[in-house]
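Q: Sharing my_file.txt below, compact mmCIF, C-alpha atoms and all ligand atoms:
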# COMPACT_ATOMS: atom_id res chain seq x y z
CA MET A 1 16.02 -10.54 -17.14
CA SER A 2 12.60 -10.98 -15.58
CA ALA A 3 10.05 -8.17 -15.45
CA PRO A 4 9.86 -6.01 -12.32
CA ALA A 5 7.06 -6.76 -9.85
CA LEU A 6 5.45 -3.44 -10.73
CA ALA A 7 6.48 -0.98 -13.41
CA VAL A 8 4.83 2.41 -13.70
CA GLU A 9 5.45 4.39 -16.88
CA GLY A 10 4.28 7.88 -17.69
CA LEU A 11 1.55 7.77 -15.06
CA THR A 12 -0.63 10.87 -15.29
CA VAL A 13 -3.80 11.69 -13.31
CA ARG A 14 -6.11 14.62 -14.01
CA TYR A 15 -9.04 15.76 -11.91
CA GLY A 16 -10.85 18.11 -14.26
CA SER A 17 -8.37 20.87 -15.09
CA LEU A 18 -5.96 19.90 -12.27
CA THR A 19 -3.04 17.67 -13.25
CA ALA A 20 -2.44 15.89 -9.93
CA LEU A 21 0.22 13.56 -11.32
CA ASP A 22 2.31 14.27 -14.39
CA ASP A 23 4.33 11.63 -16.21
CA VAL A 24 5.70 9.60 -13.31
CA SER A 25 7.80 6.45 -13.92
CA TRP A 26 9.44 3.97 -11.56
CA THR A 27 9.73 0.26 -10.84
CA VAL A 28 9.76 -1.95 -7.76
CA ASP A 29 11.08 -5.50 -7.56
CA ASP A 30 10.33 -8.42 -5.29
CA GLY A 31 12.12 -7.95 -1.97
CA GLU A 32 12.41 -4.19 -2.37
CA ILE A 33 10.91 -1.14 -0.68
CA VAL A 34 10.55 1.91 -2.91
CA GLY A 35 9.63 5.13 -1.09
CA VAL A 36 7.41 7.81 -2.60
CA ILE A 37 7.78 11.20 -0.92
CA GLY A 38 6.77 14.76 -1.63
CA PRO A 39 4.99 17.71 -0.03
CA ASN A 40 1.24 17.62 0.76
CA GLY A 41 -0.87 17.50 -2.37
CA ALA A 42 2.08 16.37 -4.52
CA GLY A 43 0.06 13.52 -6.04
CA LYS A 44 1.37 10.57 -4.02
CA SER A 45 -1.99 9.03 -3.06
CA SER A 46 -3.30 9.72 -6.56
CA SER A 47 -0.54 7.49 -7.92
CA PHE A 48 -1.86 4.61 -5.78
CA ALA A 49 -5.42 5.34 -6.93
CA ALA A 50 -4.24 5.19 -10.54
CA ILE A 51 -2.21 2.01 -10.09
CA THR A 52 -5.22 0.24 -8.54
CA ASN A 53 -7.47 1.55 -11.34
CA THR A 54 -9.76 3.55 -9.07
CA VAL A 55 -9.25 6.82 -10.97
CA PRO A 56 -8.93 7.42 -14.71
CA HIS A 57 -5.33 7.95 -15.77
CA GLU A 58 -2.87 7.91 -18.62
CA GLY A 59 0.29 5.86 -18.80
CA GLU A 60 1.02 2.22 -18.32
CA CYS A 61 1.31 -0.08 -15.29
CA ARG A 62 2.65 -3.58 -15.61
CA LEU A 63 2.38 -6.22 -12.91
CA TYR A 64 5.09 -8.85 -13.46
CA GLY A 65 5.24 -7.75 -17.06
CA GLU A 66 1.50 -7.80 -17.74
CA SER A 67 -0.51 -4.68 -18.38
CA THR A 68 -3.05 -3.93 -15.65
CA SER A 69 -5.16 -1.88 -18.02
CA GLY A 70 -8.87 -2.62 -17.74
CA LEU A 71 -8.55 -4.84 -14.65
CA SER A 72 -10.79 -4.00 -11.68
CA THR A 73 -9.30 -3.25 -8.27
CA GLN A 74 -10.63 -6.64 -7.11
CA ALA A 75 -9.08 -8.45 -10.06
CA LEU A 76 -5.76 -6.76 -9.29
CA ALA A 77 -6.05 -7.83 -5.64
CA ARG A 78 -6.54 -11.41 -6.76
CA ARG A 79 -3.37 -11.07 -8.83
CA GLY A 80 -1.49 -9.96 -5.74
CA LEU A 81 -1.57 -6.14 -5.94
CA ARG A 82 -3.15 -4.40 -2.96
CA ARG A 83 -3.01 -1.05 -1.20
CA THR A 84 -3.62 0.47 2.21
CA PHE A 85 -5.18 3.89 2.74
CA GLN A 86 -3.95 7.03 4.44
CA GLN A 87 -6.97 6.82 6.78
CA ASN A 88 -7.80 3.46 8.29
CA SER A 89 -10.45 1.71 6.22
CA PHE A 90 -11.72 -1.31 8.08
CA PHE A 91 -15.08 -3.00 8.02
CA THR A 92 -16.08 -1.28 11.25
CA GLY A 93 -19.10 -3.55 11.81
CA LEU A 94 -16.84 -6.61 11.88
CA THR A 95 -14.36 -7.75 14.51
CA VAL A 96 -10.62 -7.66 13.96
CA LEU A 97 -10.70 -11.40 13.26
CA GLU A 98 -13.60 -11.09 10.80
CA ASN A 99 -11.72 -8.31 9.00
CA ALA A 100 -8.77 -10.65 8.63
CA MET A 101 -11.07 -13.41 7.35
CA ALA A 102 -12.52 -11.01 4.76
CA SER A 103 -9.00 -10.12 3.70
CA LEU A 104 -8.10 -13.77 3.17
CA GLN A 105 -11.31 -14.33 1.19
CA VAL A 106 -10.21 -11.88 -1.51
CA GLU A 107 -7.76 -14.32 -3.04
CA ARG A 108 -9.94 -17.28 -2.21
CA ALA A 109 -13.19 -16.07 -3.76
CA THR A 110 -12.74 -18.09 -6.92
CA ARG A 111 -11.40 -21.21 -5.25
CA LEU A 112 -14.38 -21.35 -2.86
CA LEU A 113 -17.00 -21.03 -5.54
CA PRO A 114 -17.75 -24.75 -5.99
CA SER A 115 -18.31 -25.14 -2.26
CA VAL A 116 -21.50 -23.12 -2.21
CA PHE A 117 -23.21 -26.28 -3.43
CA THR A 118 -21.93 -28.31 -0.51
CA PRO A 119 -22.68 -26.52 2.77
CA TRP A 120 -20.51 -28.80 4.91
CA ARG A 121 -17.51 -28.01 2.78
CA GLU A 122 -18.28 -24.36 3.05
CA HIS A 123 -18.42 -24.72 6.81
CA ALA A 124 -15.09 -26.50 6.92
CA ALA A 125 -13.51 -23.90 4.64
CA ARG A 126 -14.83 -21.14 6.88
CA ALA A 127 -13.36 -22.77 9.97
CA ALA A 128 -10.02 -23.10 8.18
CA THR A 129 -10.12 -19.44 7.13
CA ARG A 130 -10.90 -18.49 10.71
CA ARG A 131 -7.86 -20.38 11.95
CA GLU A 132 -5.63 -18.90 9.29
CA ALA A 133 -6.89 -15.39 10.02
CA ALA A 134 -6.10 -15.82 13.71
CA GLU A 135 -2.61 -17.08 12.86
CA LEU A 136 -1.99 -14.21 10.46
CA LEU A 137 -2.93 -11.63 13.09
CA THR A 138 -0.94 -13.24 15.87
CA GLU A 139 2.10 -13.71 13.67
CA PHE A 140 2.26 -9.97 13.00
CA GLY A 141 1.81 -8.88 16.59
CA ILE A 142 -1.96 -8.58 16.98
CA ALA A 143 -2.50 -10.86 19.96
CA ALA A 144 -5.55 -13.09 20.44
CA ARG A 145 -7.01 -10.78 23.09
CA TYR A 146 -7.63 -8.19 20.35
CA HIS A 147 -9.29 -10.49 17.82
CA GLU A 148 -12.87 -10.11 19.04
CA LEU A 149 -12.68 -6.32 19.36
CA ARG A 150 -13.79 -3.88 16.68
CA PRO A 151 -10.80 -2.37 14.84
CA ASP A 152 -11.65 1.11 16.18
CA ASP A 153 -11.15 -0.17 19.72
CA LEU A 154 -7.52 -1.20 19.13
CA PRO A 155 -4.70 1.11 20.26
CA TYR A 156 -3.99 3.44 17.33
CA GLY A 157 -0.53 2.06 16.56
CA LEU A 158 -2.01 -1.41 16.30
CA GLN A 159 -4.74 -0.14 13.93
CA ARG A 160 -1.97 0.97 11.56
CA VAL A 161 -0.36 -2.46 11.82
CA LEU A 162 -3.76 -4.07 11.17
CA SER A 163 -4.17 -2.02 7.95
CA ILE A 164 -0.95 -3.49 6.61
CA VAL A 165 -1.67 -7.02 7.76
CA LEU A 166 -5.12 -6.91 6.11
CA ALA A 167 -3.65 -5.65 2.85
CA PHE A 168 -0.96 -8.31 3.04
CA GLY A 169 -3.61 -10.99 3.48
CA GLY A 170 -1.99 -14.15 2.28
CA GLY A 171 -1.47 -13.84 -1.43
CA THR A 172 -0.23 -10.29 -1.80
CA ARG A 173 3.00 -9.85 -3.77
CA VAL A 174 2.98 -6.11 -4.39
CA LEU A 175 1.88 -3.92 -1.49
CA LEU A 176 1.19 -0.19 -1.76
CA VAL A 177 1.29 1.42 1.70
CA ASP A 178 -0.01 4.97 2.12
CA GLU A 179 1.43 6.78 5.16
CA PRO A 180 1.43 3.88 7.63
CA ALA A 181 3.05 6.03 10.31
CA ALA A 182 0.61 8.95 10.04
CA GLY A 183 -0.17 10.05 13.59
CA VAL A 184 1.97 7.47 15.40
CA GLY A 185 4.89 8.02 17.75
CA GLY A 186 8.34 6.50 18.37
CA ASP A 187 7.77 2.91 19.45
CA ASP A 188 4.85 2.38 17.08
CA MET A 189 6.94 3.77 14.24
CA ARG A 190 9.77 1.32 14.92
CA ASN A 191 7.16 -1.42 15.04
CA LEU A 192 5.84 -0.45 11.60
CA ALA A 193 9.35 -0.26 10.18
CA ALA A 194 10.06 -3.76 11.49
CA LEU A 195 6.81 -5.05 9.96
CA LEU A 196 7.62 -3.59 6.53
CA GLU A 197 11.15 -4.96 6.70
CA GLU A 198 9.80 -8.40 7.59
CA LEU A 199 7.43 -8.32 4.60
CA ARG A 200 10.33 -7.29 2.36
CA ARG A 201 12.36 -10.17 3.74
CA ARG A 202 9.53 -12.47 2.68
CA GLY A 203 9.94 -11.22 -0.86
CA LEU A 204 7.14 -8.68 -1.16
CA ALA A 205 7.54 -5.69 -3.42
CA ILE A 206 6.55 -2.68 -1.30
CA VAL A 207 5.84 0.90 -2.30
CA LEU A 208 5.80 3.20 0.70
CA ILE A 209 4.33 6.71 0.85
CA GLU A 210 5.49 8.34 4.06
CA HIS A 211 6.18 11.78 5.50
CA HIS A 212 8.40 10.63 8.37
CA MET A 213 11.76 11.04 6.69
CA ASP A 214 13.73 9.15 9.33
CA LEU A 215 11.56 6.08 8.73
CA VAL A 216 11.84 6.44 4.95
CA MET A 217 15.59 6.98 4.87
CA GLU A 218 16.14 4.00 7.14
CA ILE A 219 14.22 1.37 5.20
CA VAL A 220 13.83 2.22 1.51
CA ASP A 221 16.01 0.83 -1.26
CA ARG A 222 15.05 3.57 -3.70
CA LEU A 223 13.22 6.84 -3.47
CA VAL A 224 10.82 8.66 -5.82
CA VAL A 225 10.29 12.36 -5.10
CA ILE A 226 7.15 14.04 -6.44
CA ASP A 227 6.51 17.77 -6.27
CA ARG A 228 3.30 19.29 -7.60
CA GLY A 229 2.64 16.19 -9.67
CA ARG A 230 6.08 15.98 -11.25
CA GLN A 231 8.77 13.44 -10.51
CA ILE A 232 11.77 15.54 -9.52
CA ALA A 233 14.08 12.74 -8.39
CA TYR A 234 14.43 8.95 -8.43
CA GLY A 235 17.29 6.88 -7.05
CA PRO A 236 19.08 5.62 -3.92
CA PRO A 237 17.95 7.62 -0.86
CA GLY A 238 21.43 8.90 0.00
CA GLN A 239 21.84 10.43 -3.45
CA VAL A 240 18.31 11.78 -3.81
CA GLN A 241 18.49 13.49 -0.45
CA ARG A 242 21.31 15.77 -1.62
CA LEU A 243 19.77 16.92 -4.91
CA PRO A 244 19.13 20.68 -5.05
CA ALA A 245 15.63 20.21 -6.50
CA VAL A 246 14.69 17.98 -3.57
CA LEU A 247 16.12 20.32 -0.97
CA GLU A 248 14.23 23.16 -2.60
CA ALA A 249 10.92 21.26 -2.59
CA TYR A 250 11.34 20.48 1.10
CA LEU A 251 12.97 23.60 2.45
CA GLY A 252 10.67 26.00 0.63
CA ARG A 253 11.28 27.93 -2.52
CA THR A 254 11.79 31.60 -3.17
CA ALA A 255 8.54 33.15 -4.39
N1 LIG A 301 -10.76 12.78 -6.04
C1 LIG A 301 -10.21 13.98 -6.26
N2 LIG A 301 -10.84 14.92 -6.97
C2 LIG A 301 -10.26 16.12 -7.21
N3 LIG A 301 -9.05 16.47 -6.78
C3 LIG A 301 -8.36 15.57 -6.06
C4 LIG A 301 -8.89 14.27 -5.77
N4 LIG A 301 -7.98 13.58 -5.03
C5 LIG A 301 -6.93 14.41 -4.90
N5 LIG A 301 -7.14 15.59 -5.50
C6 LIG A 301 -6.19 16.72 -5.60
O1 LIG A 301 -5.05 16.23 -6.31
C7 LIG A 301 -3.83 16.72 -5.75
C8 LIG A 301 -2.98 15.53 -5.30
O2 LIG A 301 -3.62 14.90 -4.21
P1 LIG A 301 -3.05 13.59 -3.52
O3 LIG A 301 -4.04 13.18 -2.50
O4 LIG A 301 -2.66 12.61 -4.56
O5 LIG A 301 -1.73 14.18 -2.83
P2 LIG A 301 -0.76 13.52 -1.77
O6 LIG A 301 0.62 13.69 -2.30
O7 LIG A 301 -1.20 12.17 -1.42
O8 LIG A 301 -0.93 14.52 -0.53
P3 LIG A 301 -0.89 14.23 1.07
O9 LIG A 301 0.57 14.17 1.44
O10 LIG A 301 -1.55 15.44 1.65
O11 LIG A 301 -1.62 12.98 1.33
C9 LIG A 301 -4.25 17.65 -4.61
O12 LIG A 301 -4.26 18.95 -5.12
C10 LIG A 301 -5.64 17.18 -4.23
O13 LIG A 301 -6.41 18.23 -3.71
MG MG A 302 -1.88 11.31 0.29
Can I see the file as C-alpha cells?

A:
Amino acid sequence: MSAPALAVEGLTVRYGSLTALDDVSWTVDDGEIVGVIGPNGAGKSSSFAAITNTVPHEGECRLYGESTSGLSTQALARRGLRRTFQQNSFFTGLTVLENAMASLQVERATRLLPSVFTPWREHAARAATRREAAELLTEFGIAARYHELRPDDLPYGLQRVLSIVLAFGGGTRVLLVDEPAAGVGGDDMRNLAALLEELRRRGLAIVLIEHHMDLVMEIVDRLVVIDRGRQIAYGPPGQVQRLPAVLEAYLGRTA
C-alpha cells in the first residue's frame, strides 16, 4: 500500500507554557478532503503552522512517506505542500495577475535558475508564466477584468477564491485551507465548496479548517475534531457528529 499524501503523527505545539496542540494524528490521501473542526482557540491553525514548519513542534509529519522534518516552508511548497491563511495574505502591492505569477514561480524557482544568464530566455519564460497565470485565474472563476486590480479591490468572496487558487498554483498536491468561508455568505460559500470539490476531483489531498458546519458536513470525507488542543474524534463525518464528546464540545459543557 502506498503512503498517504500527508500523515501527521503525535503533533504537539507549545507556546511557552501553553500546549496549543496535544498529540494529534491523522492522514489525508490524494483525492480526499479531511476536515479539521473545533471551537475557537482549539489549535487548528497551529496544526497548519506546525505542518508547514513555521512553529517549533513535536511529532512527525510525512509527505508521501518522507519526513518533512528540517525542511523550510519554501522547500515544502516546492514539494507540493502549501497552505492558505485565515486572513487573506496577498502581495498587496502586486496585481491579481502578478500574485498568480508569483505563485507559479514557487515551483519554478529552481527550473528557471539557468535562464538568468540568458535574458531573452528569461523574458520568454516570464511571458509564458504570465499566460499561465491568466489561464489559472480564469479557469477558477477569476475573470480577466479582475486581473489588473489589486487583490484588496476584488469582491470579498472572490478574494477567498483567490487565496485558494494562489495556494494551488500549479504544482500543489497537498493543500491546507484555513477557514476559506470566513466572513462569506450563501452563494460565495457554495462557490468555495465547488472549488474545493473540483480540486479534490483533480486528485489533490485537501485539509480543510472551517467553522461553517453545513459546508464541512457536505464535502469532507473524514473529520478531525480538536478541543483545547486534544483530538477528541476522528472518522467519517456522520459518525463523528453523533459522538457525545463532540456534542459536548460544541453545545457547551457543564462548569
Ligand atoms: N504565535 C502564538 N503565540 C502564542 N500563542 C499562540 C500563538 N498562536 C496561537 N496561540 C494560542 O494557541 C491556541 C490555539 O490557537 P490557534 O490559532 O491554533 O486556534 P484555532 O483553533 O485556529 O482557533 P480559531 O478557530 O479562533 O482560528 C490559542 O489559545 C491561541 O491564543
Ligand atoms: Mg485558526

Q: Could you give me the residues within 9 Å of ligand MG 302 (chain A), counting only C-alpha atoms and all ligand atoms, as a list in words?

A: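 After applying the 9 Å limit, what remains is Asn40, Gly41, Ala42, Gly43, Lys44, Ser45, Ser46, Phe85, Gln86, Asp178, Glu179, Ile209 and Glu210 of chain A.
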
Q: Find the spatial neighbours of Pro4 in chain A, counting only C-alpha atoms, within a cut-off of 7 Å - ignore same-chain residues fewer than 5 positions away - and output them as an MDAnalysis selection string.

A: chainID A and resid 27:29 64:65

Q: Give me, as JSON, numbers by chain, the set of residues whose atoms come within 12 Å of any atom of ligand LIG 301 (chain A), counting only C-alpha atoms and all ligand atoms.

A: {"A": [12, 13, 14, 15, 16, 17, 18, 19, 20, 21, 22, 36, 37, 38, 39, 40, 41, 42, 43, 44, 45, 46, 47, 48, 49, 50, 51, 54, 55, 56, 85, 86, 87, 177, 178, 179, 180, 182, 208, 209, 210, 211, 212, 224, 225, 226, 227, 228, 229, 230, 231]}

Q: Using only C-alpha atoms for the distances, tell me which of A:Gly169, A:Asp30, A:Thr95, A:Gly35 is nearest to Val240 in chain A.

A: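 Going through A:Gly169, A:Asp30, A:Thr95, A:Gly35 one by one, the smallest distance to Val240 in chain A is for A:Gly35.
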
Q: Quick one: residues within 9 Å of Gly235 in chain A, all atoms listed in the file, excluding same-chain residues fewer than 6 positions away - as a list in words?

A: Asp221, Arg222, Leu223 and Val224 of chain A

Q: What's around Ala193 in chain A at 8 Å? Count all atoms listed in the file, leave out sequence neighbours fewer than 3 positions away in its own chain, and write the answer as an mmCIF file with C-alpha atoms, in the frame of the given file.

A:
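Output file selection-v9.cif is given in full below:
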data_model
loop_
_atom_site.group_PDB
_atom_site.id
_atom_site.type_symbol
_atom_site.label_atom_id
_atom_site.label_comp_id
_atom_site.auth_asym_id
_atom_site.auth_seq_id
_atom_site.Cartn_x
_atom_site.Cartn_y
_atom_site.Cartn_z
ATOM 1 C CA MET A 189 6.940 3.770 14.240
ATOM 2 C CA ARG A 190 9.770 1.320 14.920
ATOM 3 C CA LEU A 196 7.620 -3.590 6.530
ATOM 4 C CA GLU A 197 11.150 -4.960 6.700
ATOM 5 C CA LEU A 215 11.560 6.080 8.730
ATOM 6 C CA ILE A 219 14.220 1.370 5.200
#

Q: Which residue is closest to Ala100 in chain A? Choose from A:Ala143, A:Leu63, A:Ala167, A:Ala75 and count all atoms listed in the file.

A: A:Ala167

Q: Please check which residues have atoms at most 9 Å from (-2.4, 4.0, 13.8) in the file's coordinates, counting all atoms listed in the file, and write them as a list in words.

A: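 The requested residues, written out, are Gln87, Asn88, Pro155, Tyr156, Gly157, Leu158, Gln159, Arg160, Val161, Leu162, Ser163, Pro180, Ala181, Ala182, Gly183, Val184 and Asp188 of chain A.
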